[in-house]
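A.B. asks: My questions all concern the structure below.
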Amino acid sequence: SFAHTDALAGDLAFVAQSGALTTALLDWAHLRRIGFSHFISLGNSLDVDFGDLLDYLGEDPHTRAILLYVEAVTSARKFMSAARAAARNKPVLAVKAGRVHEGARAATSHTGALAGSDDVYDAAFRRAGMLRVRTTRELFDAVETLARMKPLAGERLAIVSNGGGPAVMATDALMEGGGTLAALGPATLQRLDQALPANWSHGNPIDIVGDAPRERYVAALEAALADPGVDAVLLIHAPTAIVAATRIARACEPLLSGTRQPILTCWMGGESVRRAQAICAAAGAPTYTTPEEAVGGFLQVVQFDRNQRQLLEAPASIPESFQPKPELARSLLASVLAQGRTQLAEHEAKQLLAAYGIPVVDTRVARDLMELRRIADELGYPVALKILSPDLVHKSDVGGVALDIATAAELETAAEGMLARCRHERPAARLQGFTVQPMIRRDHAVELIAGIVVDATFGPIVLFGQGGVAVEVLRDRAVALPPLNLTLARELISRTRVHRLLMGFRNRPPVDSQALALALVQVAQLAVDCAEIAELDINPLLAYEHGVLALDARVTLKPTSLRSVERLAIRPYPKELEEYLEFEGRRVLLRPIRPEDQPQHSAFLARVSPEDLRTRFFRAIRAVSGRDLASLTQIDYERAMAFIAEVRDATTGANETLGVARAHADPDNIEAEFAILVRSDLKARGLGSALLSKLVHYCEERGIQRIVGEVLADNSRMLHLAKHCGFMLEPPANGIVRVTYDCNRTHTPKAV
């Protein structure tokens with residue numbers, strides 16, 4: 001190493017791609033007495049990369065949090081799998097260098113021009129449950145805030161301050177950062193009226209006035225904390241001669257440590273507030289020196305909490321809310337590619353969208369003026385007319401679009417003029433006729449854009465934002481990694497400025513948010529299923545009170561030998577692995593486990609005897625914690641699999657879990673450790689054999705070489721099952737039998 005000083009011992013792991021940065025940061029951290037469990041520079045990542053280190057550090061008991069300095073990620077799926085696994089165990093924070101977009105790359109769609117690589121990294125970090133910060137200073141500040149701050153129940157912040165100026169500064173920072181200022185309830189306002197002087201602010205922020213004694217601070221904090229509409233409180237103090245900051249901190253100390261809501265404190269000033277800061281820090285309250293820093297810390301926790309919730313989402317590879325027609329879509333794309341084309345005509349693009357249930361405007365092709373007049377008469381006036389050419393992507397740029405055509409005479413004039421303009425502007429363009437569609441008018445509709453583009457690192461991404469002809473000027477967009485479900489789609493929508501318009505205002509009703517979210521799920525499913533799609537634009541996508549409608553669409557293709565799922569940074573829920581079997585006269589579904597199965601899985605474990613839990617987990621278990629349940633149900637399908645046997649209760653209609661078999665592979669996909677558990681009242685009846693056979697077949701299909709497990713020597717039923725399913729049993733050692741299944745041998749698991 002070129003470092004001029006050693007790292008102090010601590011519990012933070014720091015990993016960077018820049019050797020120069022690490023040595024500078026080491027000096028900075030040494031000065032501030034920040035210690036590390038690991039301090040790593042990756043070099044050129046020839047073999048060991050972020051994914052490997054996240055796997056290691058995520059399991060390291062001496063590491064409290066993982067801090068990353070990222071310039072570029074390689075092996076996106078490996079990175080995402082490792083990051084998601086680590087983020088379930090401890091905070092993972094990242095600084096990403098190279099945030100400024102270096103200029104739009106060559107793209108044939110608005111989506112391709114809008115989606116910068118930094119947007120994609122931001123989406124990846126969110127989906128992995130990580131927190132992204134802007135500077136290395138924020139990196140260390142954020143990890144301390146996350147360590148000290150109590151869990152958030154919501155995002156509504158109340159601000160208590162002894163000065164109007166600091167309170168306004170905090171409010172500005174909160175609103176500019178997309179935060180939520182709590183609305184105080186009538187009971188709270190009445191309580192504050194009784195405790196504060198008449199000239200208090202009578203709202204949030206709560207200005208308790210500059211002459212406030214310590215009792216006023218306590219009364220205001222107690223009132224804010226008691227309000228059910230307040231999720232967190234920021235206490236701001238500017239030094240005064242009325243009362244020492246230390247005495248205020250002492251008075252507030254019981255509230256700081258004894259309430260369920262998080263309290264952040266901001267002690268403005270220098271030496272006079274240093275002792276107050278130490279008191280608050282000892283009480284577990286994050287402490288800052290400026291209102292903006294305090295609000296920034298709060299917003300970091302809010303974002304971290306949002307990202308952690310995203311981490312729990314595991315969308316199905318085929319969402320249940322609609323029935324796409326992937327065979328029809330693939331047939332259409334294969335036909336276009338077979339003709340040597342990479343651009344779908346507008347009517348073909350709409351056929352593709354319709355195959356996935358996305359509402360489209362009726363669009364027809366006319367090869368000449370006679371056919372054009374006939375189609376327009378069938379559709380009914382007014383109509384919209386567009387030139388049909390594989391060489392003219394942005395038709396309006398060459399006068400290839402005419403709207404609101406009211407009569408047959410206007411139609412003929414518009415068509416002839418359009419042909420003349422296009423031949424003059426683009427003489428080499430192949431003109432194949434026209435597309436014509438009815439003019440669509442939707443009162444109060446909002447023009448949006450939705451699309452797909454393929455990122456060089458993370459594969460397909462979904463883009464959403466404000467649409468229309470000025471889409472690249474407005475640049476109001478957000479991106480997400482597919483697949484999506486409705487929850488993730490709504491989160492994507494919420495990250496745009498146009499989101500506020502969609503909620504309605506004045507006399508404009510809100511748009512159909514369910515239909516819009518579903519449309520984004522459908523677009524994401526196209527990205528999952530069709531590897532040939534290089535770029536897709538729906539612009540405009542009209543959103544209105546009663547649904548959505550795609551008015552125009554562009555699709556660019558690129559031949560590929562990759563399977564669709566291989567391009568994705570996150571492996572989707574493998575719905576294709578679901579299958580039914582008959583078990584004692586009941587129809588049982590064997591399927592992969594999902595995060596939303598957590599309550600169902602808790603009920604399943606409650607029907608497993610303490611003795612069976614002991615033989616499964618190798619220790620006595622009274623109850624399985626929520627964290628353990630989360631780890632059992634929130635799995636990464638790239639590395640782990642858990643098949644559950646599920647039936648529907650004939651009386652209640654609720655689904656029940658009868659058993660589960662799981663395997664977790666190492667990062668190199670060589671060896672997988674397995675475990676199996678069947679409800680205690682269903683043992684020795686063949687269900688465990690069915691689950692284990694399915695698990696073994698899955699591991700063989702995934703290319704895993706060995707399946708291993710450890711079984712207590714006194715668990716004779718499990719040893720018998722393993723032997724009859726083709727596992728080799730080693731002699732017992734310390735009361736444990738190691739069982740191994742060699743996937744390279746030719747054998748078939750036997751039924752018991």
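How things are named: the first chain in the structure tokens is A, the next is B, and so on; residues count from 1 in each chain; ligands count from 1 in the order shown.
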Which polymer residues have any atom within 8 Å of an atom of stretch 454-459 of chain A, counting only C-alpha atoms, with same-chain residues fewer than 4 positions away left out, as a VMD selection string?
C.D. replies: chain A and resid 73 to 77 117 120 124 534 to 535 567 to 569
A.B. asks: Show me, as a Markdown table, the residues of stretch 280-361 of chain A having an atom within 12 Å of stretch 139-153 of chain A, each with the closest atom pair and its distance in Å, using only C-alpha atoms.
C.D. replies:
| residue | atom | partner | partner_atom | distance |
| --- | --- | --- | --- | --- |
| A:Cys280 | CA | A:Arg148 | CA | 10.4 |
| A:Ala281 | CA | A:Arg148 | CA | 8.1 |
| A:Ala282 | CA | A:Arg148 | CA | 9.6 |
| A:Ala283 | CA | A:Arg148 | CA | 9.1 |
| A:Gly284 | CA | A:Arg148 | CA | 5.3 |
| A:Ala285 | CA | A:Arg148 | CA | 6.0 |
| A:Pro286 | CA | A:Thr145 | CA | 5.6 |
| A:Thr287 | CA | A:Thr145 | CA | 8.3 |
| A:Tyr288 | CA | A:Asp141 | CA | 9.6 |
| A:Glu293 | CA | A:Asp141 | CA | 9.5 |
| A:Ala294 | CA | A:Thr145 | CA | 9.7 |
| A:Val295 | CA | A:Thr145 | CA | 11.3 |
| A:Gly296 | CA | A:Ala142 | CA | 9.1 |
| A:Gly297 | CA | A:Ala142 | CA | 6.5 |
| A:Phe298 | CA | A:Thr145 | CA | 8.2 |
| A:Leu299 | CA | A:Ala142 | CA | 10.0 |
| A:Gln300 | CA | A:Ala142 | CA | 6.9 |
| A:Val301 | CA | A:Leu146 | CA | 6.4 |
| A:Val302 | CA | A:Leu152 | CA | 7.6 |
| A:Gln303 | CA | A:Leu152 | CA | 10.8 |
| A:Phe304 | CA | A:Leu146 | CA | 8.6 |
| A:Asp305 | CA | A:Leu152 | CA | 7.5 |
| A:Arg306 | CA | A:Leu152 | CA | 10.3 |
| A:Gln308 | CA | A:Leu152 | CA | 11.7 |
| A:Arg309 | CA | A:Leu152 | CA | 12.0 |
A.B. asks: Quick one: DSSP strand (DSSP E) residues in stretch 15-200 of chain A, as a PyMOL selection string?
C.D. replies: chain A and resi 15-16+35-41+65-70+92-96+131-133+156-161+180-181
A.B. asks: From the list A:Arg373, A:Arg745, A:His546, A:Arg88, which residue is nearest A:Arg442 when using only C-alpha atoms?
C.D. replies: A:His546
A.B. asks: For a test of reading the model, state the distance in Å between atom CA of A:Val624 and atom CA of A:Gln600, rounded to one decimal.
C.D. replies: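 One can read the atom CA of A:Val624 to atom CA of A:Gln600 distance as 13.0 Å.
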A.B. asks: Need to verify the contact set: stretch 340-346 of chain A, 6 Å, only C-alpha atoms, exclusion of same-chain residues closer than 2 positions in sequence. Can you return it as a ChimeraX atom specification?
C.D. replies: /A:336-338,348-349,555-557
A.B. asks: Let's have the selection written as a tab-separated table (two decimals), in the first residue's frame, with N, CA and C atoms.
C.D. replies:
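As written to disk, again_37.tsv reads:
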chain	number	residue	atom	x	y	z
A	336	VAL	N	-40.02	-9.52	-37.87
A	336	VAL	CA	-39.38	-8.25	-38.24
A	336	VAL	C	-37.88	-8.45	-38.45
A	337	LEU	N	-37.23	-9.17	-37.52
A	337	LEU	CA	-35.79	-9.40	-37.65
A	337	LEU	C	-35.48	-10.25	-38.87
A	338	ALA	N	-36.36	-11.19	-39.19
A	338	ALA	CA	-36.14	-12.05	-40.36
A	338	ALA	C	-36.17	-11.24	-41.66
A	348	GLU	N	-47.02	-2.05	-35.91
A	348	GLU	CA	-46.43	-3.25	-35.32
A	348	GLU	C	-46.09	-3.02	-33.84
A	349	ALA	N	-45.59	-1.82	-33.54
A	349	ALA	CA	-45.27	-1.50	-32.15
A	349	ALA	C	-46.53	-1.56	-31.29
A	555	VAL	N	-40.22	1.08	-31.40
A	555	VAL	CA	-39.48	-0.07	-30.87
A	555	VAL	C	-38.28	-0.34	-31.76
A	556	THR	N	-37.10	-0.43	-31.14
A	556	THR	CA	-35.87	-0.79	-31.84
A	556	THR	C	-35.43	-2.17	-31.35
A	557	LEU	N	-35.04	-3.03	-32.28
A	557	LEU	CA	-34.65	-4.39	-31.95
A	557	LEU	C	-33.16	-4.60	-32.17
A.B. asks: Near A:Gly154, within 9 Å and counting only C-alpha atoms, which residues show up once chain neighbours fewer than 2 positions away are dropped, as number ranges by chain?
C.D. replies: A: 152, 156-157, 230-232, 302
A.B. asks: Please provide the set of residues having any atom within 12 Å of A:His394, restricted to only C-alpha atoms, with same-chain residues fewer than 4 positions apart removed, written as number ranges by chain.
C.D. replies: A: 107-110, 346, 386-390, 398-401, 422, 469, 537, 539, 552-554
A.B. asks: Take the residues that were just selected and, keeping N, CA and C atoms, output them as a PDB file, in the first residue's frame.
C.D. replies:
ATOM      1  N   ALA A 107     -28.994   7.421 -29.783  1.00  0.00           N
ATOM      2  CA  ALA A 107     -30.203   6.668 -29.468  1.00  0.00           C
ATOM      3  C   ALA A 107     -31.281   7.037 -30.463  1.00  0.00           C
ATOM      4  N   THR A 108     -32.118   6.052 -30.768  1.00  0.00           N
ATOM      5  CA  THR A 108     -33.200   6.310 -31.705  1.00  0.00           C
ATOM      6  C   THR A 108     -34.496   6.622 -30.984  1.00  0.00           C
ATOM      7  N   SER A 109     -34.476   6.613 -29.661  1.00  0.00           N
ATOM      8  CA  SER A 109     -35.700   6.880 -28.903  1.00  0.00           C
ATOM      9  C   SER A 109     -35.444   7.942 -27.855  1.00  0.00           C
ATOM     10  N   HIS A 110     -36.526   8.572 -27.412  1.00  0.00           N
ATOM     11  CA  HIS A 110     -36.411   9.508 -26.298  1.00  0.00           C
ATOM     12  C   HIS A 110     -35.923   8.788 -25.049  1.00  0.00           C
ATOM     13  N   GLU A 346     -45.080   1.687 -36.742  1.00  0.00           N
ATOM     14  CA  GLU A 346     -45.928   2.121 -35.638  1.00  0.00           C
ATOM     15  C   GLU A 346     -47.037   1.119 -35.337  1.00  0.00           C
ATOM     16  N   LYS A 386     -50.041   9.881 -40.244  1.00  0.00           N
ATOM     17  CA  LYS A 386     -48.585   9.856 -40.078  1.00  0.00           C
ATOM     18  C   LYS A 386     -47.974   9.118 -41.258  1.00  0.00           C
ATOM     19  N   ILE A 387     -46.788   9.553 -41.633  1.00  0.00           N
ATOM     20  CA  ILE A 387     -46.069   8.890 -42.713  1.00  0.00           C
ATOM     21  C   ILE A 387     -45.579   7.534 -42.217  1.00  0.00           C
ATOM     22  N   LEU A 388     -45.546   6.546 -43.105  1.00  0.00           N
ATOM     23  CA  LEU A 388     -45.050   5.213 -42.762  1.00  0.00           C
ATOM     24  C   LEU A 388     -43.724   4.998 -43.475  1.00  0.00           C
ATOM     25  N   SER A 389     -42.648   4.936 -42.697  1.00  0.00           N
ATOM     26  CA  SER A 389     -41.317   4.749 -43.279  1.00  0.00           C
ATOM     27  C   SER A 389     -40.384   4.167 -42.226  1.00  0.00           C
ATOM     28  N   PRO A 390     -39.630   3.118 -42.567  1.00  0.00           N
ATOM     29  CA  PRO A 390     -38.654   2.571 -41.613  1.00  0.00           C
ATOM     30  C   PRO A 390     -37.459   3.494 -41.388  1.00  0.00           C
ATOM     31  N   VAL A 398     -39.881  15.986 -39.846  1.00  0.00           N
ATOM     32  CA  VAL A 398     -39.876  16.173 -41.299  1.00  0.00           C
ATOM     33  C   VAL A 398     -41.287  16.423 -41.816  1.00  0.00           C
ATOM     34  N   GLY A 399     -42.159  16.866 -40.924  1.00  0.00           N
ATOM     35  CA  GLY A 399     -43.533  17.151 -41.343  1.00  0.00           C
ATOM     36  C   GLY A 399     -44.328  15.907 -41.649  1.00  0.00           C
ATOM     37  N   GLY A 400     -44.015  14.817 -40.979  1.00  0.00           N
ATOM     38  CA  GLY A 400     -44.681  13.551 -41.262  1.00  0.00           C
ATOM     39  C   GLY A 400     -45.854  13.256 -40.364  1.00  0.00           C
ATOM     40  N   VAL A 401     -46.411  14.281 -39.704  1.00  0.00           N
ATOM     41  CA  VAL A 401     -47.556  14.099 -38.818  1.00  0.00           C
ATOM     42  C   VAL A 401     -48.562  15.210 -39.093  1.00  0.00           C
ATOM     43  N   CYS A 422     -41.652  14.986 -47.143  1.00  0.00           N
ATOM     44  CA  CYS A 422     -40.735  13.906 -46.766  1.00  0.00           C
ATOM     45  C   CYS A 422     -39.759  13.581 -47.896  1.00  0.00           C
ATOM     46  N   VAL A 469     -43.790  16.385 -26.920  1.00  0.00           N
ATOM     47  CA  VAL A 469     -42.723  16.724 -27.868  1.00  0.00           C
ATOM     48  C   VAL A 469     -41.505  17.321 -27.186  1.00  0.00           C
ATOM     49  N   ASP A 537     -40.245   3.066 -26.827  1.00  0.00           N
ATOM     50  CA  ASP A 537     -40.819   4.362 -26.437  1.00  0.00           C
ATOM     51  C   ASP A 537     -42.327   4.300 -26.539  1.00  0.00           C
ATOM     52  N   ASN A 539     -44.750   7.281 -26.301  1.00  0.00           N
ATOM     53  CA  ASN A 539     -44.797   8.729 -26.109  1.00  0.00           C
ATOM     54  C   ASN A 539     -45.650   9.366 -27.213  1.00  0.00           C
ATOM     55  N   ASP A 552     -48.682   6.713 -29.350  1.00  0.00           N
ATOM     56  CA  ASP A 552     -47.589   6.492 -30.299  1.00  0.00           C
ATOM     57  C   ASP A 552     -46.551   5.600 -29.628  1.00  0.00           C
ATOM     58  N   ALA A 553     -45.862   4.803 -30.427  1.00  0.00           N
ATOM     59  CA  ALA A 553     -44.860   3.887 -29.880  1.00  0.00           C
ATOM     60  C   ALA A 553     -43.771   3.641 -30.904  1.00  0.00           C
ATOM     61  N   ARG A 554     -42.561   3.509 -30.419  1.00  0.00           N
ATOM     62  CA  ARG A 554     -41.409   3.171 -31.262  1.00  0.00           C
ATOM     63  C   ARG A 554     -40.660   2.027 -30.597  1.00  0.00           C
TER      64      ARG A 554
END
